[in-house]
$ cat query00.cif   # mmCIF, C-alpha atoms
data_upload
#
loop_
_atom_site.label_atom_id
_atom_site.label_comp_id
_atom_site.auth_asym_id
_atom_site.auth_seq_id
_atom_site.Cartn_x
_atom_site.Cartn_y
_atom_site.Cartn_z
CA MET A 1 -20.96 -9.97 -19.75
CA ARG A 2 -21.59 -13.18 -21.68
CA ASP A 3 -18.78 -15.61 -22.39
CA TYR A 4 -17.40 -15.10 -25.86
CA ARG A 5 -14.64 -16.34 -28.13
CA LEU A 6 -12.45 -14.48 -30.54
CA GLY A 7 -11.37 -16.16 -33.75
CA ARG A 8 -10.47 -15.52 -37.37
CA LEU A 9 -12.49 -16.02 -40.50
CA LYS A 10 -11.02 -15.31 -43.93
CA GLY A 11 -8.25 -13.24 -42.37
CA LYS A 12 -10.55 -11.07 -40.24
CA PHE A 13 -11.23 -11.20 -36.52
CA VAL A 14 -14.65 -12.51 -35.50
CA VAL A 15 -16.40 -12.77 -32.14
CA THR A 16 -18.77 -15.61 -31.26
CA TRP A 17 -21.13 -15.98 -28.30
CA GLN A 18 -24.35 -17.74 -27.31
CA GLU A 19 -27.56 -15.77 -26.96
CA GLY A 20 -31.03 -17.28 -26.47
CA GLY A 21 -29.71 -20.73 -27.21
CA LYS A 22 -28.32 -19.63 -30.55
CA ARG A 23 -24.81 -18.89 -31.65
CA ARG A 24 -24.10 -15.33 -32.73
CA ARG A 25 -21.04 -14.39 -34.75
CA PHE A 26 -19.88 -10.97 -35.95
CA ARG A 27 -16.97 -9.96 -38.12
CA LEU A 28 -14.86 -7.23 -36.53
CA GLU A 29 -13.01 -4.29 -38.05
CA ALA A 30 -10.10 -4.54 -35.65
CA CYS A 31 -6.61 -5.27 -36.94
CA THR A 32 -5.02 -6.46 -33.66
CA ALA A 33 -6.10 -8.95 -31.01
CA ARG A 34 -6.31 -6.21 -28.38
CA GLU A 35 -8.46 -4.00 -30.57
CA ALA A 36 -10.61 -7.01 -31.45
CA ASP A 37 -11.14 -7.79 -27.76
CA ALA A 38 -12.33 -4.26 -27.04
CA GLU A 39 -14.55 -4.16 -30.13
CA ALA A 40 -16.08 -7.53 -29.26
CA ARG A 41 -16.99 -6.36 -25.77
CA ASN A 42 -18.61 -3.28 -27.25
CA LEU A 43 -20.83 -5.45 -29.41
CA ILE A 44 -21.83 -7.79 -26.62
CA LEU A 45 -22.48 -5.03 -24.11
CA ALA A 46 -24.26 -2.87 -26.67
CA ALA A 47 -22.09 -0.24 -25.11
CA THR A 48 -23.40 3.21 -24.49
CA ALA A 49 -21.67 6.30 -23.26
CA ALA A 50 -22.23 5.23 -19.65
CA SER A 51 -18.53 5.39 -18.93
CA GLY A 52 -17.91 8.48 -20.99
CA GLY A 53 -15.71 6.36 -23.23
CA LEU A 54 -12.73 6.66 -20.88
CA THR A 55 -10.31 3.76 -20.80
CA VAL A 56 -8.64 2.44 -17.67
CA ALA A 57 -5.36 3.96 -18.85
CA GLU A 58 -6.93 7.42 -19.16
CA ILE A 59 -8.56 7.15 -15.73
CA TRP A 60 -5.32 5.87 -14.23
CA GLU A 61 -3.36 8.87 -15.46
CA ALA A 62 -6.08 11.30 -14.34
CA PHE A 63 -5.94 9.79 -10.86
CA ARG A 64 -2.14 10.09 -10.74
CA ALA A 65 -2.32 13.70 -11.95
CA GLU A 66 -4.67 14.61 -9.10
CA ARG A 67 -2.36 12.89 -6.60
CA ALA A 68 0.82 14.42 -8.06
CA GLY A 69 3.51 14.94 -5.46
CA ARG A 70 2.18 12.24 -3.15
CA SER A 71 3.65 8.80 -2.61
CA ILE A 72 0.57 7.09 -4.10
CA ALA A 73 1.26 8.73 -7.46
CA GLU A 74 4.79 7.33 -7.52
CA SER A 75 3.56 3.93 -6.35
CA MET A 76 0.90 3.76 -9.06
CA LEU A 77 3.46 4.72 -11.68
CA HIS A 78 5.22 1.43 -10.94
CA THR A 79 2.00 -0.58 -10.48
CA GLY A 80 0.78 0.70 -13.84
CA LYS A 81 3.62 -1.11 -15.59
CA SER A 82 1.82 -4.34 -14.77
CA ILE A 83 -1.85 -3.28 -14.68
CA LEU A 84 -2.08 -1.10 -17.79
CA PRO A 85 -0.74 -3.56 -20.38
CA PHE A 86 -3.53 -5.93 -19.28
CA PHE A 87 -6.44 -3.58 -18.45
CA GLY A 88 -5.42 -0.21 -19.88
CA HIS A 89 -7.14 -0.52 -23.26
CA LEU A 90 -10.49 -1.44 -21.69
CA ARG A 91 -13.28 0.76 -20.43
CA PRO A 92 -14.38 0.05 -16.84
CA ASP A 93 -17.71 -1.40 -17.99
CA GLN A 94 -15.82 -3.96 -20.08
CA ILE A 95 -13.91 -5.48 -17.15
CA THR A 96 -15.17 -8.85 -15.94
CA VAL A 97 -14.33 -11.24 -13.13
CA SER A 98 -12.81 -13.49 -15.79
CA ASP A 99 -10.39 -10.69 -16.67
CA CYS A 100 -9.31 -10.39 -13.04
CA ARG A 101 -8.81 -14.13 -12.77
CA ALA A 102 -6.82 -14.19 -16.00
CA TYR A 103 -4.60 -11.40 -14.68
CA ILE A 104 -4.08 -13.24 -11.39
CA ALA A 105 -3.14 -16.42 -13.27
CA GLU A 106 -0.71 -14.50 -15.51
CA CYS A 107 1.00 -12.88 -12.51
CA ARG A 108 1.28 -16.17 -10.65
CA ALA A 109 2.79 -17.78 -13.73
CA ALA A 110 5.37 -14.98 -13.74
CA GLY A 111 6.30 -15.84 -10.15
CA LYS A 112 4.49 -12.98 -8.41
CA GLN A 113 3.19 -13.55 -4.88
CA ASP A 114 -0.48 -13.14 -4.02
CA GLY A 115 0.35 -10.20 -1.75
CA THR A 116 1.79 -8.29 -4.71
CA ILE A 117 -1.16 -9.19 -6.93
CA TRP A 118 -3.60 -8.19 -4.19
CA SER A 119 -1.95 -4.77 -3.92
CA ARG A 120 -1.87 -4.19 -7.69
CA LEU A 121 -5.54 -5.01 -8.16
CA GLY A 122 -6.26 -2.89 -5.09
CA HIS A 123 -4.76 0.09 -6.91
CA LEU A 124 -6.99 -0.64 -9.87
CA ARG A 125 -10.04 -0.76 -7.62
CA THR A 126 -9.04 2.46 -5.87
CA CYS A 127 -8.58 4.20 -9.20
CA LEU A 128 -11.98 3.13 -10.54
CA ASN A 129 -13.80 4.02 -7.32
CA TRP A 130 -12.18 7.46 -7.52
CA ALA A 131 -13.52 7.83 -11.07
CA VAL A 132 -17.05 7.19 -9.78
CA LYS A 133 -16.66 9.85 -7.08
CA ARG A 134 -15.39 12.31 -9.68
CA HIS A 135 -18.38 11.48 -11.94
CA LYS A 136 -16.10 10.25 -14.70
CA ILE A 137 -17.91 6.89 -14.84
CA ASP A 138 -21.30 5.74 -13.59
CA ARG A 139 -20.11 2.73 -11.64
CA ALA A 140 -16.97 0.75 -10.96
CA PRO A 141 -16.79 -2.94 -11.87
CA TYR A 142 -16.15 -5.60 -9.27
CA ILE A 143 -12.42 -6.28 -9.07
CA GLU A 144 -11.76 -9.79 -7.81
CA ARG A 145 -8.51 -10.24 -5.93
CA PRO A 146 -6.71 -13.22 -4.38
CA SER A 147 -7.03 -13.61 -0.63
CA GLN A 148 -4.84 -11.19 1.25
CA PRO A 149 -1.97 -13.15 2.78
CA ALA A 150 -1.37 -12.90 6.51
CA PRO A 151 1.20 -10.20 7.31
CA ARG A 152 4.68 -11.43 8.13
CA ASP A 153 5.17 -11.13 11.87
CA ARG A 154 8.64 -9.60 11.80
CA TRP A 155 9.98 -7.00 14.18
CA LEU A 156 13.41 -6.11 15.52
CA SER A 157 14.77 -6.92 18.95
CA HIS A 158 16.82 -4.35 20.87
CA ARG A 159 19.98 -6.09 19.71
CA GLU A 160 18.87 -5.99 16.07
CA ILE A 161 17.94 -2.32 16.36
CA ASP A 162 21.44 -1.58 17.69
CA GLN A 163 22.95 -3.52 14.78
CA LEU A 164 20.89 -1.58 12.23
CA LEU A 165 21.68 1.82 13.71
CA ALA A 166 25.38 0.96 13.84
CA ALA A 167 25.50 -0.33 10.26
CA GLU A 168 27.38 1.57 7.58
CA CYS A 169 24.97 3.58 5.40
CA ALA A 170 24.37 7.05 3.96
CA PRO A 171 23.41 9.74 6.52
CA HIS A 172 19.94 10.22 5.06
CA ILE A 173 19.27 6.48 5.34
CA ARG A 174 20.24 6.44 9.00
CA LEU A 175 18.10 9.51 9.72
CA ALA A 176 15.11 7.93 7.98
CA THR A 177 15.67 4.75 10.01
CA VAL A 178 15.73 6.67 13.29
CA LEU A 179 12.58 8.55 12.30
CA MET A 180 10.65 5.37 11.46
CA LEU A 181 11.74 3.63 14.64
CA THR A 182 10.97 6.52 16.99
CA THR A 183 7.78 7.86 15.40
CA GLY A 184 6.26 4.64 14.01
CA ALA A 185 5.71 6.52 10.75
CA ARG A 186 5.38 4.92 7.34
CA VAL A 187 8.26 5.47 4.95
CA GLY A 188 6.11 7.74 2.74
CA ALA A 189 5.37 10.06 5.66
CA VAL A 190 9.07 10.22 6.55
CA LEU A 191 10.17 11.04 3.00
CA GLU A 192 7.50 13.77 2.72
CA LEU A 193 8.38 15.33 6.09
CA THR A 194 9.49 18.97 5.90
CA TRP A 195 11.25 21.04 8.53
CA ASP A 196 8.30 23.38 9.02
CA ARG A 197 6.46 20.47 10.65
CA VAL A 198 9.34 19.64 13.01
CA ASP A 199 9.06 21.63 16.24
CA LEU A 200 12.30 21.01 18.14
CA GLU A 201 11.51 23.71 20.66
CA ASN A 202 8.22 22.19 21.80
CA GLY A 203 9.28 18.65 20.98
CA HIS A 204 6.82 17.27 18.44
CA ILE A 205 6.48 16.37 14.75
CA VAL A 206 3.34 16.75 12.63
CA LEU A 207 3.43 13.89 10.14
CA ARG A 208 0.38 15.06 8.16
CA THR A 209 1.14 17.36 5.26
CA ASP A 210 -2.03 19.43 5.83
CA PHE A 211 -5.53 19.20 7.28
CA THR A 212 -7.01 17.52 4.20
CA GLY A 213 -4.59 14.63 3.78
CA PRO A 214 -3.09 12.24 3.43
CA ARG A 215 -4.45 10.98 6.74
CA LYS A 216 -3.56 7.29 6.72
CA GLY A 217 -1.18 6.64 9.58
CA ARG A 218 -0.32 10.33 9.99
CA ALA A 219 -0.18 11.51 13.60
CA THR A 220 1.44 14.23 15.67
CA VAL A 221 4.14 12.52 17.74
CA PRO A 222 6.62 13.62 20.44
CA ILE A 223 10.34 13.92 19.78
CA ASN A 224 12.33 11.71 22.17
CA ALA A 225 16.01 12.07 23.07
CA THR A 226 17.22 9.66 20.36
CA LEU A 227 15.32 11.50 17.65
CA ARG A 228 16.19 14.97 18.95
CA GLU A 229 19.91 14.24 18.68
CA ALA A 230 19.53 13.00 15.10
CA LEU A 231 17.26 15.87 14.02
CA THR A 232 19.44 18.56 15.60
CA ALA A 233 22.48 17.39 13.65
CA ALA A 234 20.47 17.08 10.43
CA ARG A 235 18.91 20.54 10.83
CA GLU A 236 22.31 22.18 11.05
CA ALA A 237 23.40 20.55 7.78
CA ALA A 238 20.07 20.93 5.93
CA LEU A 239 20.15 22.26 2.36
CA SER A 240 16.45 21.91 1.54
CA PRO A 241 13.01 22.08 3.22
CA TYR A 242 12.95 18.26 3.40
CA VAL A 243 14.16 16.43 6.49
CA ILE A 244 15.29 13.45 4.41
CA GLU A 245 17.34 14.92 1.58
CA TRP A 246 20.07 13.91 -0.83
CA ALA A 247 22.23 16.34 -2.78
CA GLY A 248 20.07 19.23 -1.60
CA GLY A 249 16.75 17.76 -2.76
CA PRO A 250 13.96 15.43 -1.66
CA VAL A 251 14.36 11.65 -1.76
CA LYS A 252 11.75 9.63 -3.64
CA SER A 253 12.82 6.18 -2.45
CA ILE A 254 15.22 4.68 0.08
CA LYS A 255 14.63 1.10 -1.04
CA LYS A 256 18.16 0.40 -2.24
CA GLY A 257 19.93 2.40 0.46
CA PHE A 258 17.87 0.80 3.22
CA ALA A 259 18.46 -2.69 1.84
CA HIS A 260 22.20 -1.93 1.83
CA ALA A 261 22.04 -0.87 5.50
CA VAL A 262 20.09 -4.01 6.43
CA ALA A 263 22.66 -6.20 4.67
CA ASN A 264 25.54 -4.40 6.41
CA ALA A 265 23.78 -4.98 9.74
CA GLY A 266 23.66 -8.71 9.03
CA LEU A 267 19.86 -8.78 9.17
CA LYS A 268 17.26 -10.43 6.94
CA ASP A 269 13.64 -9.82 6.01
CA VAL A 270 13.68 -6.20 7.16
CA SER A 271 11.71 -3.65 5.14
CA PRO A 272 10.94 -0.06 6.14
CA HIS A 273 7.48 -1.17 7.26
CA VAL A 274 9.09 -3.60 9.72
CA LEU A 275 10.38 -0.54 11.60
CA ARG A 276 6.84 0.79 12.09
CA HIS A 277 5.78 -2.65 13.31
CA THR A 278 8.82 -2.75 15.58
CA ALA A 279 7.90 0.57 17.19
CA ALA A 280 4.38 -0.66 17.94
CA VAL A 281 5.52 -4.03 19.30
CA HIS A 282 7.98 -2.41 21.70
CA MET A 283 5.34 0.03 22.94
CA ALA A 284 2.87 -2.81 23.52
CA ALA A 285 5.47 -4.99 25.25
CA GLY A 286 6.35 -2.04 27.46
CA GLY A 287 2.78 -1.78 28.71
CA VAL A 288 1.69 1.31 26.76
CA PRO A 289 -2.13 1.33 26.56
CA MET A 290 -3.62 0.38 23.20
CA GLU A 291 -5.36 3.76 22.97
CA LYS A 292 -2.01 5.58 23.07
CA ILE A 293 -0.38 3.20 20.60
CA SER A 294 -3.34 3.75 18.27
CA GLN A 295 -2.86 7.52 18.43
CA TYR A 296 0.89 7.18 17.93
CA LEU A 297 0.43 5.10 14.78
CA GLY A 298 -2.41 7.23 13.45
CA HIS A 299 -4.82 4.29 13.32
CA SER A 300 -8.40 5.16 12.47
CA SER A 301 -9.68 2.89 15.22
CA THR A 302 -8.32 1.40 18.44
CA GLU A 303 -9.85 -1.89 17.29
CA VAL A 304 -7.19 -2.12 14.58
CA THR A 305 -4.42 -1.64 17.14
CA GLN A 306 -6.00 -4.08 19.58
CA ARG A 307 -6.33 -6.77 16.92
CA VAL A 308 -2.70 -6.58 15.84
CA TYR A 309 -0.76 -5.63 18.97
CA ALA A 310 -2.72 -6.66 22.09
CA ARG A 311 -1.00 -10.04 22.17
CA PHE A 312 2.35 -8.34 22.76
CA ALA A 313 1.14 -6.62 25.96
CA PRO A 314 2.68 -8.30 29.05
CA ASP A 315 -0.65 -8.81 30.86
CA HIS A 316 -2.72 -9.69 27.79
CA LEU A 317 -5.16 -12.47 28.72
CA ARG A 318 -3.57 -12.77 32.19
CA ASP A 319 -6.94 -12.62 33.94
CA ALA A 320 -8.32 -15.27 31.59
CA ALA A 321 -5.37 -17.56 32.36
CA GLU A 322 -5.96 -17.21 36.10
CA LEU A 323 -9.52 -18.51 35.70
CA LEU A 324 -8.08 -21.66 34.15
CA ASN A 325 -5.68 -22.26 37.05
CA PHE A 326 -7.03 -25.73 37.80
CA GLY A 327 -5.85 -28.27 40.36
CA LYS A 328 -5.36 -25.85 43.25
CA GLN A 329 -6.60 -26.87 46.69
CA PRO A 330 -9.75 -24.98 47.75
CA GLN A 331 -9.27 -22.29 50.37
CA VAL A 332 -10.34 -23.25 53.90
CA GLN A 333 -12.73 -20.68 55.29
#

$ encode --input "query00.cif" --output "C-alpha cells"
Amino acid sequence: MRDYRLGRLKGKFVVTWQEGGKRRRFRLEACTAREADAEARNLILAATAASGGLTVAEIWEAFRAERAGRSIAESMLHTGKSILPFFGHLRPDQITVSDCRAYIAECRAAGKQDGTIWSRLGHLRTCLNWAVKRHKIDRAPYIERPSQPAPRDRWLSHREIDQLLAAECAPHIRLATVLMLTTGARVGAVLELTWDRVDLENGHIVLRTDFTGPRKGRATVPINATLREALTAAREAALSPYVIEWAGGPVKSIKKGFAHAVANAGLKDVSPHVLRHTAAVHMAAGGVPMEKISQYLGHSSTEVTQRVYARFAPDHLRDAAELLNFGKQPQVQ
C-alpha cells in the first residue's frame, strides 16, 4: 500500500497520497479517525471483495469460536484486548508493515517487552493464516514482529524443588506443580487433564485430549512414585472429571495461586513453564538420551531437544574436549 496522510479540510476528513508523481486527495465520508483510516485504505487499494469484507475482529472471534474450550481460546481472549483496538477495525488486506511497526512502537512506549509483543503479533498471524486455510480470505498479510528474545535460562535445583513443594498453597496448586515437574507438561495440558486419561493401574497419563489435537507438547508419559502418591490422594477426593479442580469444577488459570506458592517458597523468576524446563534439564543432566527426553516433552523433532538441552548432558562435548588435550607427552611405543 502507498504511503498516505489523513487530514481535515473544511471540517471533513481527507486522504492524500502520491501517485505517478502527482498528489491525489479525496474527501472522505467518515466521521471518526478510525473510520477515516479504513475508508482511506479502501480508496488507495481500490478494494475488492478479495477478503470477503471480514475485519480482523470478526476473524479473531471466528477463530476463538472454533477453538472454544481450548487454552488458546482463553489466551487469545486476553491478547485481543491489545490487538483488536489497534487492528480489529481493519480488513486483512489493509494491514501493512507500517501498521505492525506502529503497534510495536506503541507497545514499547507502554512498557511492554519484546517477548510479549512478539507473542501478541504471533497470535494475529496465526489467526489470519487460519482464515486463509478456512477460505475466509484469499491471503494473509505479512505480520512483522520484533526479534524473539532469547529464552530465560531458569530451572530449579533439587533444593528449590523441595522448597516449592513444601510451600504453603492450595491443594490444586500443589497437585498441578507435581504434575508439571514429573510429566514435563505445559500448564495448559495439566489444566485440561481429565481422569479418564489417567491410568493408575498401568501407570501412565495421556496428555493429549484426543487423536486430532492439540498436539503441541502432548505426550503419553509414565507415572512415577511421586506423582502416583499425589494422584491417588486427589482421585479419592475428586468431585469432577478434571484432575486439577476447584470447588468441583475445572480451573482456567493457576497464575495467581502459583505465584503465591513461589513467593511462599522464597523463590524468584519461577513461572509454570520453568517447571517443564526443570524436568527436561534434570533428565538431561541425569544422562537420559535426547531421543527419550524429546518423546517425554512431546517435541516434534529430536533436533529441538538437542538444541536446547544437549549442553546439560554430563558427557556433552566430552570427546571434543579430549581432542584438545594439548601439552601431553607423546606415548613411547

$ closest_residue --input "query00.cif" --among "A:Ala109, A:Arg154, A:Phe26, A:Pro85" --to "Ala279 in chain A" --atoms "all atoms listed in the file"
A:Arg154

$ resolve_selection --input "query00.cif" --expression "the PyMOL selection byres ((chain A and resi 35) around 12)" --output "PDB file with C-alpha atoms, in the frame of the given file"
ATOM      1  CA  LEU A   6     -12.450 -14.480 -30.540  1.00  0.00           C
ATOM      2  CA  PHE A  13     -11.230 -11.200 -36.520  1.00  0.00           C
ATOM      3  CA  VAL A  14     -14.650 -12.510 -35.500  1.00  0.00           C
ATOM      4  CA  VAL A  15     -16.400 -12.770 -32.140  1.00  0.00           C
ATOM      5  CA  LEU A  28     -14.860  -7.230 -36.530  1.00  0.00           C
ATOM      6  CA  GLU A  29     -13.010  -4.290 -38.050  1.00  0.00           C
ATOM      7  CA  ALA A  30     -10.100  -4.540 -35.650  1.00  0.00           C
ATOM      8  CA  CYS A  31      -6.610  -5.270 -36.940  1.00  0.00           C
ATOM      9  CA  THR A  32      -5.020  -6.460 -33.660  1.00  0.00           C
ATOM     10  CA  ALA A  33      -6.100  -8.950 -31.010  1.00  0.00           C
ATOM     11  CA  ARG A  34      -6.310  -6.210 -28.380  1.00  0.00           C
ATOM     12  CA  ALA A  36     -10.610  -7.010 -31.450  1.00  0.00           C
ATOM     13  CA  ASP A  37     -11.140  -7.790 -27.760  1.00  0.00           C
ATOM     14  CA  ALA A  38     -12.330  -4.260 -27.040  1.00  0.00           C
ATOM     15  CA  GLU A  39     -14.550  -4.160 -30.130  1.00  0.00           C
ATOM     16  CA  ALA A  40     -16.080  -7.530 -29.260  1.00  0.00           C
ATOM     17  CA  ARG A  41     -16.990  -6.360 -25.770  1.00  0.00           C
ATOM     18  CA  ASN A  42     -18.610  -3.280 -27.250  1.00  0.00           C
ATOM     19  CA  GLY A  88      -5.420  -0.210 -19.880  1.00  0.00           C
ATOM     20  CA  HIS A  89      -7.140  -0.520 -23.260  1.00  0.00           C
ATOM     21  CA  LEU A  90     -10.490  -1.440 -21.690  1.00  0.00           C
TER      22      LEU A  90
END

$ closest_residue --input "query00.cif" --among "A:Arg108, A:Lys133, A:Lys292, A:Arg276" --to "Pro146 in chain A" --atoms "all atoms listed in the file"
A:Arg108

$ resolve_selection --input "query00.cif" --expression "the PyMOL selection byres ((chain A and resi 63-65) around 10)" --output "list of chain:residue names"
A:Ala57, A:Glu58, A:Ile59, A:Trp60, A:Glu61, A:Ala62, A:Glu66, A:Arg67, A:Ala68, A:Gly69, A:Arg70, A:Ile72, A:Ala73, A:Glu74, A:Ser75, A:Met76, A:Leu77, A:Thr126, A:Cys127, A:Leu128, A:Trp130, A:Ala131, A:Arg134

$ atom_distance --input "query00.cif" --atom1 "CA of His204 in chain A" --atom2 "CA of Arg235 in chain A"
14.7 Å

$ atom_distance --input "query00.cif" --atom1 "CA of Leu193 in chain A" --atom2 "CA of Pro241 in chain A"
8.7 Å

$ atom_distance --input "query00.cif" --atom1 "CA of Arg125 in chain A" --atom2 "CA of Val308 in chain A"
25.3 Å

$ closest_residue --input "query00.cif" --among "A:Thr209, A:Thr183, A:Arg311, A:Leu227" --to "Gln295 in chain A" --atoms "all atoms listed in the file"
A:Thr183

$ resolve_selection --input "query00.cif" --expression "the PyMOL selection byres ((chain A and resi 147) around 12)" --output "JSON list (two decimals) with C-alpha atoms, in the coordinates of the input"
[["chain", "number", "residue", "atom", "x", "y", "z"],
["A", 104, "ILE", "CA", -4.08, -13.24, -11.39],
["A", 113, "GLN", "CA", 3.19, -13.55, -4.88],
["A", 114, "ASP", "CA", -0.48, -13.14, -4.02],
["A", 115, "GLY", "CA", 0.35, -10.20, -1.75],
["A", 116, "THR", "CA", 1.79, -8.29, -4.71],
["A", 117, "ILE", "CA", -1.16, -9.19, -6.93],
["A", 118, "TRP", "CA", -3.60, -8.19, -4.19],
["A", 119, "SER", "CA", -1.95, -4.77, -3.92],
["A", 121, "LEU", "CA", -5.54, -5.01, -8.16],
["A", 122, "GLY", "CA", -6.26, -2.89, -5.09],
["A", 144, "GLU", "CA", -11.76, -9.79, -7.81],
["A", 145, "ARG", "CA", -8.51, -10.24, -5.93],
["A", 146, "PRO", "CA", -6.71, -13.22, -4.38],
["A", 148, "GLN", "CA", -4.84, -11.19, 1.25],
["A", 149, "PRO", "CA", -1.97, -13.15, 2.78],
["A", 150, "ALA", "CA", -1.37, -12.90, 6.51],
["A", 151, "PRO", "CA", 1.20, -10.20, 7.31]]

$ closest_residue --input "query00.cif" --among "A:Phe326, A:Trp195, A:Tyr309, A:Trp155" --to "Lys268 in chain A" --atoms "all atoms listed in the file"
A:Trp155

$ closest_residue --input "query00.cif" --among "A:Val187, A:Asn224, A:Ala219, A:Ala261" --to "Gly203 in chain A" --atoms "all atoms listed in the file"
A:Asn224

$ closest_residue --input "query00.cif" --among "A:Asn264, A:Thr96, A:Thr226, A:Ser82" --to "Leu175 in chain A" --atoms "all atoms listed in the file"
A:Thr226

$ axis_aligned_box --input "query00.cif" --around "range 276-295 of chain A" --padding-each-side "8 Å" --output "JSON"
{"center_x": 1.7, "center_y": 1.3, "center_z": 20.4, "size_x": 30.2, "size_y": 28.5, "size_z": 32.6}

$ residues_around --input "query00.cif" --residues "Ala238 in chain A" --least-positions-apart "6" --cutoff "12 Å" --atoms "all atoms listed in the file" --output "ChimeraX atom specification"
/A:171-172,194-195,231-232,244-250

$ residues_near_point --input "query00.cif" --point "(-0.7, -6.5, 23.5)" --cutoff "8 Å" --atoms "only C-alpha atoms" --output "PDB file with C-alpha atoms, in the coordinates of the input"
ATOM      1  CA  VAL A 281       5.520  -4.030  19.300  1.00  0.00           C
ATOM      2  CA  ALA A 284       2.870  -2.810  23.520  1.00  0.00           C
ATOM      3  CA  ALA A 285       5.470  -4.990  25.250  1.00  0.00           C
ATOM      4  CA  GLY A 287       2.780  -1.780  28.710  1.00  0.00           C
ATOM      5  CA  MET A 290      -3.620   0.380  23.200  1.00  0.00           C
ATOM      6  CA  GLN A 306      -6.000  -4.080  19.580  1.00  0.00           C
ATOM      7  CA  VAL A 308      -2.700  -6.580  15.840  1.00  0.00           C
ATOM      8  CA  TYR A 309      -0.760  -5.630  18.970  1.00  0.00           C
ATOM      9  CA  ALA A 310      -2.720  -6.660  22.090  1.00  0.00           C
ATOM     10  CA  ARG A 311      -1.000 -10.040  22.170  1.00  0.00           C
ATOM     11  CA  PHE A 312       2.350  -8.340  22.760  1.00  0.00           C
ATOM     12  CA  ALA A 313       1.140  -6.620  25.960  1.00  0.00           C
ATOM     13  CA  PRO A 314       2.680  -8.300  29.050  1.00  0.00           C
ATOM     14  CA  ASP A 315      -0.650  -8.810  30.860  1.00  0.00           C
ATOM     15  CA  HIS A 316      -2.720  -9.690  27.790  1.00  0.00           C
TER      16      HIS A 316
END

$ residues_around --input "query00.cif" --residues "Lys255 in chain A" --least-positions-apart "3" --cutoff "9 Å" --atoms "all atoms listed in the file" --output "list in words"
Phe258, Ala259, His260, Ser271 and Pro272 of chain A

$ build_atoms --input "query00.cif" --residues "range 154-169 of chain A" --atoms "N, CA and C atoms" --output "PDB file, in the coordinates of the input"
ATOM      1  N   ARG A 154       7.217  -9.873  11.643  1.00  0.00           N
ATOM      2  CA  ARG A 154       8.640  -9.600  11.800  1.00  0.00           C
ATOM      3  C   ARG A 154       8.835  -8.252  12.466  1.00  0.00           C
ATOM      4  N   TRP A 155       9.581  -8.250  13.548  1.00  0.00           N
ATOM      5  CA  TRP A 155       9.980  -7.000  14.180  1.00  0.00           C
ATOM      6  C   TRP A 155      11.399  -7.167  14.712  1.00  0.00           C
ATOM      7  N   LEU A 156      12.017  -6.078  15.093  1.00  0.00           N
ATOM      8  CA  LEU A 156      13.410  -6.110  15.520  1.00  0.00           C
ATOM      9  C   LEU A 156      13.528  -6.110  17.036  1.00  0.00           C
ATOM     10  N   SER A 157      14.442  -6.925  17.529  1.00  0.00           N
ATOM     11  CA  SER A 157      14.770  -6.920  18.950  1.00  0.00           C
ATOM     12  C   SER A 157      15.663  -5.718  19.239  1.00  0.00           C
ATOM     13  N   HIS A 158      15.914  -5.448  20.508  1.00  0.00           N
ATOM     14  CA  HIS A 158      16.820  -4.350  20.870  1.00  0.00           C
ATOM     15  C   HIS A 158      18.198  -4.561  20.260  1.00  0.00           C
ATOM     16  N   ARG A 159      18.659  -5.792  20.276  1.00  0.00           N
ATOM     17  CA  ARG A 159      19.980  -6.090  19.710  1.00  0.00           C
ATOM     18  C   ARG A 159      19.994  -5.816  18.204  1.00  0.00           C
ATOM     19  N   GLU A 160      18.933  -6.224  17.515  1.00  0.00           N
ATOM     20  CA  GLU A 160      18.870  -5.990  16.070  1.00  0.00           C
ATOM     21  C   GLU A 160      18.765  -4.508  15.739  1.00  0.00           C
ATOM     22  N   ILE A 161      18.038  -3.769  16.569  1.00  0.00           N
ATOM     23  CA  ILE A 161      17.940  -2.320  16.360  1.00  0.00           C
ATOM     24  C   ILE A 161      19.319  -1.687  16.481  1.00  0.00           C
ATOM     25  N   ASP A 162      20.083  -2.106  17.500  1.00  0.00           N
ATOM     26  CA  ASP A 162      21.440  -1.580  17.690  1.00  0.00           C
ATOM     27  C   ASP A 162      22.316  -1.913  16.488  1.00  0.00           C
ATOM     28  N   GLN A 163      22.175  -3.125  15.957  1.00  0.00           N
ATOM     29  CA  GLN A 163      22.950  -3.520  14.780  1.00  0.00           C
ATOM     30  C   GLN A 163      22.613  -2.638  13.575  1.00  0.00           C
ATOM     31  N   LEU A 164      21.324  -2.379  13.384  1.00  0.00           N
ATOM     32  CA  LEU A 164      20.890  -1.580  12.230  1.00  0.00           C
ATOM     33  C   LEU A 164      21.375  -0.142  12.343  1.00  0.00           C
ATOM     34  N   LEU A 165      21.260   0.431  13.522  1.00  0.00           N
ATOM     35  CA  LEU A 165      21.680   1.820  13.710  1.00  0.00           C
ATOM     36  C   LEU A 165      23.200   1.979  13.625  1.00  0.00           C
ATOM     37  N   ALA A 166      23.912   0.903  13.898  1.00  0.00           N
ATOM     38  CA  ALA A 166      25.380   0.960  13.840  1.00  0.00           C
ATOM     39  C   ALA A 166      25.917   0.598  12.454  1.00  0.00           C
ATOM     40  N   ALA A 167      25.059   0.124  11.582  1.00  0.00           N
ATOM     41  CA  ALA A 167      25.500  -0.330  10.260  1.00  0.00           C
ATOM     42  C   ALA A 167      25.944   0.834   9.388  1.00  0.00           C
ATOM     43  N   GLU A 168      26.902   0.556   8.517  1.00  0.00           N
ATOM     44  CA  GLU A 168      27.380   1.570   7.580  1.00  0.00           C
ATOM     45  C   GLU A 168      26.286   1.884   6.551  1.00  0.00           C
ATOM     46  N   CYS A 169      25.969   3.167   6.380  1.00  0.00           N
ATOM     47  CA  CYS A 169      24.970   3.580   5.400  1.00  0.00           C
ATOM     48  C   CYS A 169      25.075   5.088   5.205  1.00  0.00           C
TER      49      CYS A 169
END
